[in-house]
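So this block is coords_4.cif, mmCIF, C-alpha atoms:
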data_coords
#
loop_
_atom_site.group_PDB
_atom_site.id
_atom_site.type_symbol
_atom_site.label_atom_id
_atom_site.label_comp_id
_atom_site.auth_asym_id
_atom_site.auth_seq_id
_atom_site.Cartn_x
_atom_site.Cartn_y
_atom_site.Cartn_z
ATOM 1 C CA MET A 1361 -50.763 -3.736 -34.136
ATOM 2 C CA THR A 1362 -47.203 -4.347 -32.946
ATOM 3 C CA LEU A 1363 -44.857 -1.600 -31.841
ATOM 4 C CA ASN A 1364 -42.568 -2.306 -34.760
ATOM 5 C CA LYS A 1365 -45.443 -1.706 -37.171
ATOM 6 C CA ILE A 1366 -46.332 1.553 -35.403
ATOM 7 C CA TYR A 1367 -42.682 2.556 -35.582
ATOM 8 C CA ASN A 1368 -42.584 1.813 -39.308
ATOM 9 C CA ILE A 1369 -45.615 4.036 -39.874
ATOM 10 C CA TRP A 1370 -44.038 6.812 -37.807
ATOM 11 C CA SER A 1371 -40.682 6.556 -39.570
ATOM 12 C CA LEU A 1372 -41.947 6.353 -43.149
ATOM 13 C CA THR A 1373 -40.831 9.321 -45.168
ATOM 14 C CA SER A 1374 -41.408 10.179 -48.764
ATOM 15 C CA GLU A 1375 -40.627 12.933 -51.203
ATOM 16 C CA ASP A 1376 -44.331 12.880 -51.968
ATOM 17 C CA GLU A 1377 -45.838 15.338 -49.468
ATOM 18 C CA ASP A 1378 -49.304 13.779 -49.732
ATOM 19 C CA ILE A 1379 -47.983 10.334 -48.768
ATOM 20 C CA GLN A 1380 -46.007 11.792 -45.866
ATOM 21 C CA THR A 1381 -49.112 13.623 -44.623
ATOM 22 C CA GLN A 1382 -51.123 10.400 -44.794
ATOM 23 C CA ASN A 1383 -48.517 8.526 -42.741
ATOM 24 C CA THR A 1384 -48.405 11.281 -40.116
ATOM 25 C CA SER A 1385 -52.185 11.327 -39.878
ATOM 26 C CA LYS A 1386 -52.282 7.542 -39.544
ATOM 27 C CA PHE A 1387 -49.743 7.661 -36.706
ATOM 28 C CA TYR A 1388 -51.811 10.262 -34.851
ATOM 29 C CA ASP A 1389 -54.929 8.134 -35.303
ATOM 30 C CA ILE A 1390 -53.123 5.155 -33.782
ATOM 31 C CA VAL A 1391 -51.950 7.261 -30.831
ATOM 32 C CA ASN A 1392 -55.494 8.508 -30.255
ATOM 33 C CA ASP A 1393 -56.775 4.931 -30.278
ATOM 34 C CA ILE A 1394 -54.128 3.947 -27.728
ATOM 35 C CA ARG A 1395 -55.037 6.855 -25.481
ATOM 36 C CA ASN A 1396 -58.798 6.473 -25.758
ATOM 37 C CA SER A 1397 -58.748 2.719 -25.192
ATOM 38 C CA LYS A 1398 -56.392 3.080 -22.203
ATOM 39 C CA TYR A 1399 -54.232 0.449 -23.810
ATOM 40 C CA ILE A 1400 -52.099 -1.629 -21.443
ATOM 41 C CA TRP A 1401 -48.626 -2.289 -22.776
ATOM 42 C CA SER A 1402 -47.409 -5.882 -22.634
ATOM 43 C CA LYS A 1403 -44.073 -7.067 -21.258
ATOM 44 C CA GLN A 1404 -42.915 -7.523 -24.843
ATOM 45 C CA ASP A 1405 -43.881 -3.909 -25.546
ATOM 46 C CA MET A 1406 -41.854 -2.782 -22.526
ATOM 47 C CA ASP A 1407 -38.830 -4.725 -23.728
ATOM 48 C CA THR A 1408 -39.196 -3.152 -27.165
ATOM 49 C CA PHE A 1409 -39.473 0.357 -25.722
ATOM 50 C CA LYS A 1410 -36.366 -0.212 -23.609
ATOM 51 C CA ALA A 1411 -34.429 -1.437 -26.630
ATOM 52 C CA PHE A 1412 -35.642 1.518 -28.714
ATOM 53 C CA LEU A 1413 -34.542 3.992 -26.026
ATOM 54 C CA LYS A 1414 -30.988 2.700 -26.410
ATOM 55 C CA HIS A 1415 -31.090 3.179 -30.186
ATOM 56 C CA ASN A 1416 -29.904 6.502 -31.620
ATOM 57 C CA GLU A 1417 -32.819 6.805 -34.039
ATOM 58 C CA LYS A 1418 -35.652 4.726 -32.593
ATOM 59 C CA LYS A 1419 -35.526 6.515 -29.235
ATOM 60 C CA TRP A 1420 -37.115 9.547 -30.911
ATOM 61 C CA PHE A 1421 -40.112 7.422 -31.820
ATOM 62 C CA VAL A 1422 -40.599 6.602 -28.122
ATOM 63 C CA VAL A 1423 -40.308 10.268 -27.170
ATOM 64 C CA ASN A 1424 -42.743 11.289 -29.891
ATOM 65 C CA LEU A 1425 -45.232 8.612 -28.906
ATOM 66 C CA PHE A 1426 -45.267 9.403 -25.189
ATOM 67 C CA SER A 1427 -45.340 13.149 -25.775
ATOM 68 C CA LYS A 1428 -48.871 12.496 -27.007
ATOM 69 C CA LEU A 1429 -49.891 10.159 -24.186
ATOM 70 C CA ASP A 1430 -50.777 11.240 -20.670
ATOM 71 C CA ILE A 1431 -48.998 8.353 -18.918
ATOM 72 C CA ILE A 1432 -45.509 6.868 -19.114
ATOM 73 C CA PRO A 1433 -45.299 3.345 -17.668
ATOM 74 C CA GLU A 1434 -43.296 3.037 -14.465
ATOM 75 C CA GLN A 1435 -41.014 0.498 -16.162
ATOM 76 C CA LEU A 1436 -39.802 3.209 -18.548
ATOM 77 C CA PHE A 1437 -38.806 5.785 -15.940
ATOM 78 C CA GLN A 1438 -35.176 4.687 -15.646
ATOM 79 C CA PRO A 1439 -34.781 3.981 -19.398
ATOM 80 C CA PHE A 1440 -35.991 7.538 -20.109
ATOM 81 C CA ILE A 1441 -33.520 8.965 -17.585
ATOM 82 C CA GLU A 1442 -30.688 6.874 -19.014
ATOM 83 C CA ALA A 1443 -31.576 7.968 -22.544
ATOM 84 C CA ALA A 1444 -31.315 11.583 -21.384
ATOM 85 C CA ILE A 1445 -27.924 10.931 -19.806
ATOM 86 C CA HIS A 1446 -26.537 9.289 -22.927
ATOM 87 C CA GLU A 1447 -27.948 11.858 -25.361
ATOM 88 C CA THR A 1448 -24.919 13.851 -26.505
ATOM 89 C CA ASN A 1449 -26.894 16.890 -27.644
ATOM 90 C CA PRO A 1450 -27.285 19.087 -24.517
ATOM 91 C CA SER A 1451 -30.422 20.633 -25.973
ATOM 92 C CA ALA A 1452 -32.127 17.411 -27.081
ATOM 93 C CA ASN A 1453 -31.788 15.563 -23.758
ATOM 94 C CA ARG A 1454 -34.651 17.704 -22.457
ATOM 95 C CA TYR A 1455 -37.124 15.616 -24.474
ATOM 96 C CA PHE A 1456 -36.435 12.681 -22.154
ATOM 97 C CA ILE A 1457 -36.263 14.685 -18.923
ATOM 98 C CA GLU A 1458 -39.372 16.822 -19.331
ATOM 99 C CA PRO A 1459 -41.893 13.973 -19.773
ATOM 100 C CA CYS A 1460 -40.481 12.399 -16.600
ATOM 101 C CA LEU A 1461 -40.928 15.668 -14.722
ATOM 102 C CA ARG A 1462 -44.546 15.751 -15.843
ATOM 103 C CA VAL A 1463 -45.397 12.141 -15.020
ATOM 104 C CA PHE A 1464 -43.093 11.218 -12.125
ATOM 105 C CA GLY A 1465 -42.362 14.577 -10.496
ATOM 106 C CA PHE A 1466 -39.203 16.606 -9.993
ATOM 107 C CA GLU A 1467 -38.201 14.850 -6.760
ATOM 108 C CA ARG A 1468 -37.841 11.426 -8.385
ATOM 109 C CA VAL A 1469 -36.061 12.878 -11.403
ATOM 110 C CA PHE A 1470 -33.580 14.785 -9.230
ATOM 111 C CA GLU A 1471 -32.880 11.762 -7.032
ATOM 112 C CA SER A 1472 -32.420 9.441 -10.003
ATOM 113 C CA LEU A 1473 -29.949 11.782 -11.686
ATOM 114 C CA ASN A 1474 -28.013 12.123 -8.433
ATOM 115 C CA LEU A 1475 -27.797 8.346 -8.123
ATOM 116 C CA HIS A 1476 -26.529 7.961 -11.684
ATOM 117 C CA PHE A 1477 -23.955 10.680 -11.060
ATOM 118 C CA GLN A 1478 -22.780 9.029 -7.867
ATOM 119 C CA ASN A 1479 -22.423 5.549 -9.365
ATOM 120 C CA GLY A 1480 -21.531 6.300 -12.983
ATOM 121 C CA ASN A 1481 -18.255 6.580 -14.856
ATOM 122 C CA ASN A 1482 -16.934 9.889 -16.186
ATOM 123 C CA GLU A 1483 -19.040 9.698 -19.341
ATOM 124 C CA THR A 1484 -22.170 9.163 -17.258
ATOM 125 C CA LYS A 1485 -21.261 11.980 -14.870
ATOM 126 C CA ILE A 1486 -20.884 14.361 -17.804
ATOM 127 C CA GLY A 1487 -24.237 13.240 -19.211
ATOM 128 C CA VAL A 1488 -25.926 13.743 -15.846
ATOM 129 C CA CYS A 1489 -24.502 17.250 -15.534
ATOM 130 C CA LYS A 1490 -25.947 18.126 -18.926
ATOM 131 C CA ALA A 1491 -29.305 16.619 -17.944
ATOM 132 C CA TYR A 1492 -29.318 18.636 -14.702
ATOM 133 C CA TYR A 1493 -29.837 21.740 -16.816
ATOM 134 C CA TRP A 1494 -33.314 20.585 -17.869
ATOM 135 C CA ALA A 1495 -34.228 18.917 -14.568
ATOM 136 C CA ARG A 1496 -35.770 22.097 -13.319
ATOM 137 C CA SER A 1497 -37.625 23.044 -10.214
ATOM 138 C CA PRO A 1498 -41.382 23.654 -10.470
ATOM 139 C CA LEU A 1499 -40.765 26.916 -8.594
ATOM 140 C CA VAL A 1500 -40.207 30.133 -10.512
ATOM 141 C CA SER A 1501 -39.697 33.773 -9.571
ATOM 142 C CA VAL A 1502 -42.414 35.971 -11.013
ATOM 143 C CA SER A 1503 -41.918 39.702 -11.344
ATOM 144 C CA LYS A 1504 -44.564 41.963 -9.789
ATOM 145 C CA GLY A 1505 -43.791 45.166 -11.602
ATOM 146 C CA ASP A 1506 -41.664 47.441 -9.453
ATOM 147 C CA GLY A 1507 -42.084 45.261 -6.368
ATOM 148 C CA PRO A 1508 -40.073 42.215 -5.241
ATOM 149 C CA CYS A 1509 -40.321 38.959 -7.174
ATOM 150 C CA GLU A 1510 -42.817 36.380 -5.965
ATOM 151 C CA THR A 1511 -42.124 32.645 -5.868
ATOM 152 C CA LYS A 1512 -44.790 30.558 -7.562
ATOM 153 C CA GLY A 1513 -45.029 26.858 -8.265
ATOM 154 C CA TYR A 1514 -46.591 25.031 -11.187
ATOM 155 C CA HIS A 1515 -47.808 21.474 -11.531
ATOM 156 C CA LEU A 1516 -47.474 19.990 -14.986
ATOM 157 C CA LYS A 1517 -50.673 18.597 -16.424
ATOM 158 C CA TRP A 1518 -51.870 16.725 -19.456
ATOM 159 C CA ASN A 1519 -53.852 18.849 -21.877
ATOM 160 C CA GLY A 1520 -54.575 16.300 -24.585
ATOM 161 C CA HIS A 1521 -52.104 17.808 -27.006
ATOM 162 C CA TYR A 1522 -48.846 17.779 -25.118
ATOM 163 C CA TYR A 1523 -45.489 18.749 -26.560
ATOM 164 C CA SER A 1524 -43.313 20.490 -23.991
ATOM 165 C CA ASP A 1525 -42.982 21.100 -20.272
ATOM 166 C CA TYR A 1526 -40.808 24.143 -20.719
ATOM 167 C CA ASP A 1527 -43.383 26.887 -21.264
ATOM 168 C CA ARG A 1528 -45.416 27.452 -18.135
ATOM 169 C CA ASP A 1529 -48.672 28.370 -19.810
ATOM 170 C CA LYS A 1530 -52.200 27.713 -18.612
ATOM 171 C CA GLU A 1531 -52.751 24.841 -21.024
ATOM 172 C CA THR A 1532 -49.902 22.707 -19.698
ATOM 173 C CA HIS A 1533 -49.652 23.851 -16.073
ATOM 174 C CA TYR A 1534 -51.749 24.814 -13.105
ATOM 175 C CA GLU A 1535 -50.600 26.904 -10.195
ATOM 176 C CA MET A 1536 -49.677 25.486 -6.787
ATOM 177 C CA THR A 1537 -51.297 26.722 -3.618
ATOM 178 C CA ALA A 1538 -49.214 28.734 -1.149
ATOM 179 C CA SER A 1539 -49.000 25.667 1.092
ATOM 180 C CA GLU A 1540 -47.745 23.506 -1.768
ATOM 181 C CA VAL A 1541 -45.126 26.110 -2.643
ATOM 182 C CA SER A 1542 -43.866 26.126 0.954
ATOM 183 C CA LYS A 1543 -43.564 22.332 1.030
ATOM 184 C CA CYS A 1544 -41.867 22.344 -2.353
ATOM 185 C CA LYS A 1545 -39.278 24.846 -1.108
ATOM 186 C CA VAL A 1546 -38.301 22.512 1.734
ATOM 187 C CA VAL A 1547 -37.962 19.493 -0.564
ATOM 188 C CA LEU A 1548 -36.084 21.490 -3.165
ATOM 189 C CA LYS A 1549 -33.623 22.831 -0.597
ATOM 190 C CA THR A 1550 -32.807 19.293 0.565
ATOM 191 C CA LEU A 1551 -32.351 18.073 -3.004
ATOM 192 C CA ARG A 1552 -30.186 21.054 -3.934
ATOM 193 C CA ILE A 1553 -27.912 20.506 -0.924
ATOM 194 C CA ALA A 1554 -27.540 16.817 -1.826
ATOM 195 C CA ARG A 1555 -26.773 17.577 -5.472
ATOM 196 C CA ARG A 1556 -24.199 20.244 -4.700
ATOM 197 C CA LYS A 1557 -22.516 17.992 -2.156
ATOM 198 C CA LEU A 1558 -22.168 15.285 -4.810
ATOM 199 C CA LEU A 1559 -20.805 17.752 -7.349
ATOM 200 C CA LEU A 1560 -18.331 19.319 -4.934
ATOM 201 C CA GLU A 1561 -17.012 15.979 -3.708
ATOM 202 C CA GLU A 1562 -16.592 14.709 -7.257
ATOM 203 C CA PHE A 1563 -14.849 17.880 -8.398
ATOM 204 C CA LEU A 1564 -12.334 17.641 -5.561
ATOM 205 C CA LYS A 1565 -11.397 14.022 -6.255
ATOM 206 C CA ASN A 1566 -11.815 13.800 -10.036
ATOM 207 C CA LYS A 1567 -9.084 15.454 -12.112
ATOM 208 C CA ASP A 1568 -10.772 14.830 -15.469
ATOM 209 C CA THR A 1569 -10.957 18.150 -17.339
ATOM 210 C CA ASP A 1570 -14.343 17.484 -18.966
ATOM 211 C CA VAL A 1571 -15.946 16.329 -15.729
ATOM 212 C CA ARG A 1572 -14.652 19.355 -13.824
ATOM 213 C CA TYR A 1573 -15.847 21.659 -16.581
ATOM 214 C CA GLN A 1574 -19.391 20.257 -16.501
ATOM 215 C CA ILE A 1575 -19.498 20.345 -12.704
ATOM 216 C CA LYS A 1576 -18.386 23.966 -12.650
ATOM 217 C CA LEU A 1577 -21.258 24.892 -14.970
ATOM 218 C CA ARG A 1578 -23.730 23.468 -12.440
ATOM 219 C CA LEU A 1579 -22.312 25.175 -9.345
ATOM 220 C CA PRO A 1580 -22.712 28.781 -8.145
ATOM 221 C CA ASP A 1581 -19.910 31.267 -8.746
ATOM 222 C CA ASP A 1582 -20.138 32.746 -5.258
ATOM 223 C CA ILE A 1583 -19.371 31.090 -1.911
ATOM 224 C CA SER A 1584 -22.357 32.862 -0.351
ATOM 225 C CA SER A 1585 -24.720 30.807 -2.539
ATOM 226 C CA PHE A 1586 -23.735 27.571 -0.795
ATOM 227 C CA SER A 1587 -25.577 26.318 2.266
ATOM 228 C CA SER A 1588 -23.835 25.892 5.605
ATOM 229 C CA GLU A 1589 -23.851 22.113 5.058
ATOM 230 C CA ASN A 1590 -21.656 22.495 1.962
ATOM 231 C CA LYS A 1591 -19.615 25.544 2.958
ATOM 232 C CA ALA A 1592 -16.453 23.607 3.884
ATOM 233 C CA LEU A 1593 -16.485 21.693 0.587
ATOM 234 C CA ALA A 1594 -17.204 24.907 -1.296
ATOM 235 C CA ASN A 1595 -14.162 26.587 0.268
ATOM 236 C CA LEU A 1596 -11.962 23.729 -0.939
ATOM 237 C CA TYR A 1597 -13.613 23.941 -4.360
ATOM 238 C CA PHE A 1598 -12.783 27.635 -4.763
ATOM 239 C CA LYS A 1599 -9.212 27.010 -3.628
ATOM 240 C CA VAL A 1600 -8.827 24.463 -6.417
ATOM 241 C CA LEU A 1601 -10.345 26.904 -8.909
ATOM 242 C CA ALA A 1602 -7.713 29.446 -7.910
ATOM 243 C CA LYS A 1603 -4.994 27.009 -8.993
ATOM 244 C CA ASP A 1604 -6.622 25.089 -11.823
ATOM 245 C CA VAL A 1605 -7.968 26.761 -14.955
ATOM 246 C CA VAL A 1606 -11.484 25.376 -15.372
ATOM 247 C CA PRO A 1607 -12.998 27.178 -18.382
ATOM 248 C CA ASP A 1608 -16.417 28.815 -18.461
ATOM 249 C CA ASN A 1609 -17.307 27.872 -22.025
ATOM 250 C CA TYR A 1610 -16.747 25.104 -24.539
ATOM 251 C CA ALA A 1611 -14.275 26.985 -26.735
ATOM 252 C CA ASP A 1612 -11.929 27.619 -23.820
ATOM 253 C CA LEU A 1613 -12.343 24.020 -22.678
ATOM 254 C CA GLN A 1614 -11.055 22.824 -26.038
ATOM 255 C CA LEU A 1615 -8.203 25.337 -25.862
ATOM 256 C CA LYS A 1616 -7.118 24.085 -22.455
ATOM 257 C CA LYS A 1617 -7.233 20.467 -23.620
ATOM 258 C CA ARG A 1618 -5.085 21.334 -26.629
ATOM 259 C CA LEU A 1619 -2.579 23.076 -24.370
ATOM 260 C CA GLY A 1620 -2.245 19.973 -22.218
ATOM 261 C CA ILE A 1621 0.226 20.473 -19.370
ATOM 262 C CA PHE A 1622 0.394 24.185 -20.191
ATOM 263 C CA GLY A 1623 -3.329 24.580 -19.499
ATOM 264 C CA ASN A 1624 -2.692 25.842 -15.979
ATOM 265 C CA ASN A 1625 -0.035 28.346 -16.970
ATOM 266 C CA LYS A 1626 -0.603 31.725 -15.265
ATOM 267 C CA LEU A 1627 -0.318 33.568 -18.561
ATOM 268 C CA ILE A 1628 -2.907 31.263 -20.133
ATOM 269 C CA ARG A 1629 -5.157 31.741 -17.112
ATOM 270 C CA PHE A 1630 -4.891 35.500 -17.511
ATOM 271 C CA PHE A 1631 -5.675 35.242 -21.228
ATOM 272 C CA LEU A 1632 -8.740 33.055 -20.630
ATOM 273 C CA LYS A 1633 -10.010 35.313 -17.865
ATOM 274 C CA LYS A 1634 -9.751 38.411 -20.034
ATOM 275 C CA LYS A 1635 -11.441 36.652 -22.914
ATOM 276 C CA ASN A 1636 -14.292 35.396 -20.718
ATOM 277 C CA ASP A 1637 -14.748 38.838 -19.187
ATOM 278 C CA ARG A 1638 -15.156 40.333 -22.660
ATOM 279 C CA ILE A 1639 -17.635 37.646 -23.689
ATOM 280 C CA LYS A 1640 -19.688 38.036 -20.512
ATOM 281 C CA LYS A 1641 -19.678 41.814 -20.857
ATOM 282 C CA LYS A 1642 -21.105 41.496 -24.352
ATOM 283 C CA GLY A 1643 -23.640 38.910 -23.186
ATOM 284 C CA LEU A 1644 -22.438 36.320 -25.663
ATOM 285 C CA ILE A 1645 -22.337 33.286 -23.349
ATOM 286 C CA THR A 1646 -25.137 30.924 -24.387
ATOM 287 C CA LEU A 1647 -26.060 27.288 -23.889
ATOM 288 C CA LYS A 1648 -24.241 26.471 -27.122
ATOM 289 C CA ASN A 1649 -21.038 27.964 -25.686
ATOM 290 C CA LYS A 1650 -21.323 25.488 -22.848
#

Now, as a test, write the supplied structure out as structure tokens.
Amino acid sequence: MTLNKIYNIWSLTSEDEDIQTQNTSKFYDIVNDIRNSKYIWSKQDMDTFKAFLKHNEKKWFVVNLFSKLDIIPEQLFQPFIEAAIHETNPSANRYFIEPCLRVFGFERVFESLNLHFQNGNNETKIGVCKAYYWARSPLVSVSKGDGPCETKGYHLKWNGHYYSDYDRDKETHYEMTASEVSKCKVVLKTLRIARRKLLLEEFLKNKDTDVRYQIKLRLPDDISSFSSENKALANLYFKVLAKDVVPDNYADLQLKKRLGIFGNNKLIRFFLKKKNDRIKKKGLITLKNK
């Protein structure tokens, strides 16, 4: 059965609930056959997948298909990353990032996003910044009651019924050893330094309001959070922030853009700061605000 036929089965909808249920069941049966037979995708299949991942609707078929398969072909790694970058919904891009984290590992995902940020235009840089949010470390801080938090690491695994990498439960993850956690910390530190260096350098040379806004969301608010390698750049970054109003949320970003040349007015800066302080105090800043 060709990919286009599988796609047609997946995409068929009907007001008749029984027919829709039959189509869904048939799609799952096909996926199970693919998984159980260890089907090898042809070059034509790869070309079709790549084309689908560039299509606003068909890309969701690819995501849905590979969310139920334990392996993503190597040839689709970059197309998945690029689909995440070009997905305008900052919540939906996770569905392209998370399977790559599971199959290819966080190091490759981080490095690929950094490369796209470094070489891309402003639109790509903005997309990468949004994707950074979901390109998460496998290390998490776990509370131990009244004691200090403990750092643990989790490998992502296939459980035969895979939907999301976000919830670190026993069915989709298994815990790293102490040695693996230590090694992961070293790798993560190097990657974090490289990412922040890229973001700082771009912020300092790129005057685009949207790019600066997205970069600010991905950088710490305190100079002490930057490593010694990036301290000089961070100092320059905070000096620019003192002069340029870079909003903390989407609503204020739109306000600044509407104000145009008046966006850096001291009175406007004061107004935005007071407004943001009130929002933060009430705990109303969410991902949707950003």

- Determine the residue set returned by the PyMOL selection byres ((chain A and resi 1488) around 8) for the present structure, and present it as a PyMOL selection string. chain A and resi 1445+1473-1474+1476-1477+1484-1487+1489-1492

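Nearest residue to Ser1584 (chain A) among A:Phe1598, A:Asn1479, A:Leu1425, A:Tyr1399 is A:Phe1598, counting all atoms listed in the file.
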
Let me know the centre plus edge lengths, in Å and rounded to one decimal, of a box with edges along x, y and z that contains all listed atoms of region 1572-1582 of chain A and is padded by 6 Å on every side, as JSON.
{"center_x": -19.2, "center_y": 26.1, "center_z": -10.9, "size_x": 21.1, "size_y": 25.4, "size_z": 23.3}

- Rank A:Lys1599, A:His1533, A:Asp1570, A:Pro1433 by their smallest atom-to-atom distance to Lys1398 (chain A), using all atoms listed in the file, and report the top residue only.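 Closest residue, counting all atoms listed in the file: A:Pro1433.
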
- Query: Taking (-11.9, 28.7, -9.8) in the file's coordinates as the center, which residues reach within 12 Å of it, counting only C-alpha atoms, put as a VMD selection string?
  - Reply: chain A and resid 1563 to 1564 1572 to 1573 1575 to 1577 1579 to 1583 1594 to 1608 1624 1629 1633

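For the pair CA of Ser1497 (chain A) and CA of Cys1544 (chain A), the interatomic distance is 9.0 Å.
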